[in-house]
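> Just passing along the structure, written as structure tokens.
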Amino acid sequence: MAGLVDFQDEEQVKSFLENMEVECNYQCYRENDPDGCYRLVDYLEGIQKNFEEAAKVLKFNCEKNKHSDSCYKLGGYYVTGKGGLPQDLKAASSCFLMSCENPGKKSVESCHNVGLLAHDGQVNEGGQPDLRKARDYYTRACDGNYASSCFNLSTMFLQGSPDIPKDMGRACQYSVKACDLGHIWACANASRMFRLGDGVQKDEAKAEELKNRAQQLHKEQQKSVSPIKFG
């Protein structure tokens with residue numbers, strides 16, 4: 001059929017990739033299409049392995065177009081110092097915040113990352129954790145069904161602090177939600193709370209159910225790790 005590429009033909013593949021680069025550049029810079037810019041990033045990363053150029057496109061697409069997934073990826077570049085960018089957690093946090101505030105495939109995870117960096121404290125004035133900010137962004141991510149944020153919230157309410165008073169009921173609530181979303185340690189914590197009646201009414205059957213859920217998740221996790229085969 002006309003238009004199909006024979007990927008066994010080196011010249012056809014080369015021409016196809018060159019056309020793809022031209023098309024993505026045109027969509028990004030001439031048509032001002034944020035999704036076209038993101039496709040250009042995919043091309044630069046996946047085909048050319050040109051991470052410095054990819055970083056430039058990500059900065060353009062995040063700062064000018066407020067493209068959520070580009071901001072998320074740019075944040076990752078700043079975390080690791082990829083693509084010639086400086087390793088800069090404050091810049092990373094700003095990128096994740098922009099991604100969190102704009103709808104995208106990675107916006108929920110970006111909210112979680114804003115929470116993580118606020119919780120860690122390195123990006124904050126004085127280098128101290130901002131637990132209230134962390135709680136607020138974990139809550140946004142947990143509301144978007146991000147398991148790790150729900151687990152982190154449960155831990156914050158379990159431990160308590162001057163900023164976040166201990167609340168075993170909410171700790172259990174968030175543990176159960178994180179467990180439902182597939183977080184093994186959340187299942188284990190929630191199981192213990194129900195077994196002891198810590199923050200909730202004691203319920204041996206519920207404790208056992210949550211324990212079994214943790215064990216099942218662990219088995220599934222083990223199966224997903226393929227063993228190395230020789231020969």
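Order determines the names: the first chain of the structure tokens is A, the second B, and so forth; residues in each chain are numbered 1 upward, and ligands are numbered 1 upward as they are shown.
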Please give the complete set of residues from region 55-222 of chain A that DSSP, run on the backbone, assigns to alpha helix (DSSP H), formatted as number ranges by chain.

A: 55-63, 68-80, 89-101, 107-120, 131-143, 147-159, 168-180, 184-196, 204-222

> Could you list, with a cut-off of 10 Å and counting only C-alpha atoms, the residues of region 121-170 of chain A near region 190-203 of chain A, each shown with its nearest atom pair and the distance in Å rounded to one decimal, rows sorted by chain and ascending number, as JSON lines?


{"residue": "A:Ser154", "atom": "CA", "partner": "A:Ala190", "partner_atom": "CA", "distance": 9.4}
{"residue": "A:Leu158", "atom": "CA", "partner": "A:Gly199", "partner_atom": "CA", "distance": 9.5}
{"residue": "A:Asp167", "atom": "CA", "partner": "A:Gly199", "partner_atom": "CA", "distance": 7.6}
{"residue": "A:Met168", "atom": "CA", "partner": "A:Gly199", "partner_atom": "CA", "distance": 4.4}
{"residue": "A:Gly169", "atom": "CA", "partner": "A:Gly199", "partner_atom": "CA", "distance": 4.4}
{"residue": "A:Arg170", "atom": "CA", "partner": "A:Gly199", "partner_atom": "CA", "distance": 7.9}

> Residues at most 8 Å from His67 (chain A), counting only C-alpha atoms, excluding those fewer than 4 positions away in the same chain, as a PyMOL selection string?

chain A and resi 34-35+61-62+71+99+102+104

> Tyr78 (chain A): which residues within 9 Å, counting only C-alpha atoms, same-chain residues fewer than 5 positions away excluded, as a VMD selection string?

chain A and resid 73 83 85 to 93 95

> With distances taken over only C-alpha atoms, which residue among A:Ser70, A:Gly75, A:Gly84, A:Tyr38 lies nearest Asn50 (chain A)?

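Residue with the minimum atom-to-atom distance to Asn50 (chain A): A:Gly84.
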
> Take CA of Val57 (chain A) and CA of Cys24 (chain A) and report the distance between them in Å, one decimal.

11.1 Å

> Please provide as a list in words all residues within 9 Å of Asp180 (chain A), with the sequence filter that same-chain residues fewer than 6 positions apart are discarded (counting only C-alpha atoms).

Ala147, Ala186, Cys187 and Arg213 of chain A

> Write the residues of the preceding selection, restricted to C-alpha atoms, as a PDB file, in the first residue's frame.


ATOM      1  CA  ALA A 147      -1.533   5.621  45.974  1.00  0.00           C
ATOM      2  CA  ALA A 186      -0.684   0.777  53.425  1.00  0.00           C
ATOM      3  CA  CYS A 187      -2.494  -2.572  53.514  1.00  0.00           C
ATOM      4  CA  ARG A 213      -4.535  -8.084  50.283  1.00  0.00           C
TER       5      ARG A 213
END

> How far is it from CA of Lys133 (chain A) to CA of Tyr146 (chain A), in Å with one decimal?

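So the answer is 16.9 Å.
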
> Kindly indicate which residue among A:Lys64, A:His112, A:Arg39, A:His183 lies nearest to Phe96 (chain A), using only C-alpha atoms for the distances.

A:His112

> In Å to one decimal, how far is CA of Gly160 (chain A) from CA of Asn145 (chain A)?

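CA of Gly160 (chain A) lies 22.9 Å from CA of Asn145 (chain A).
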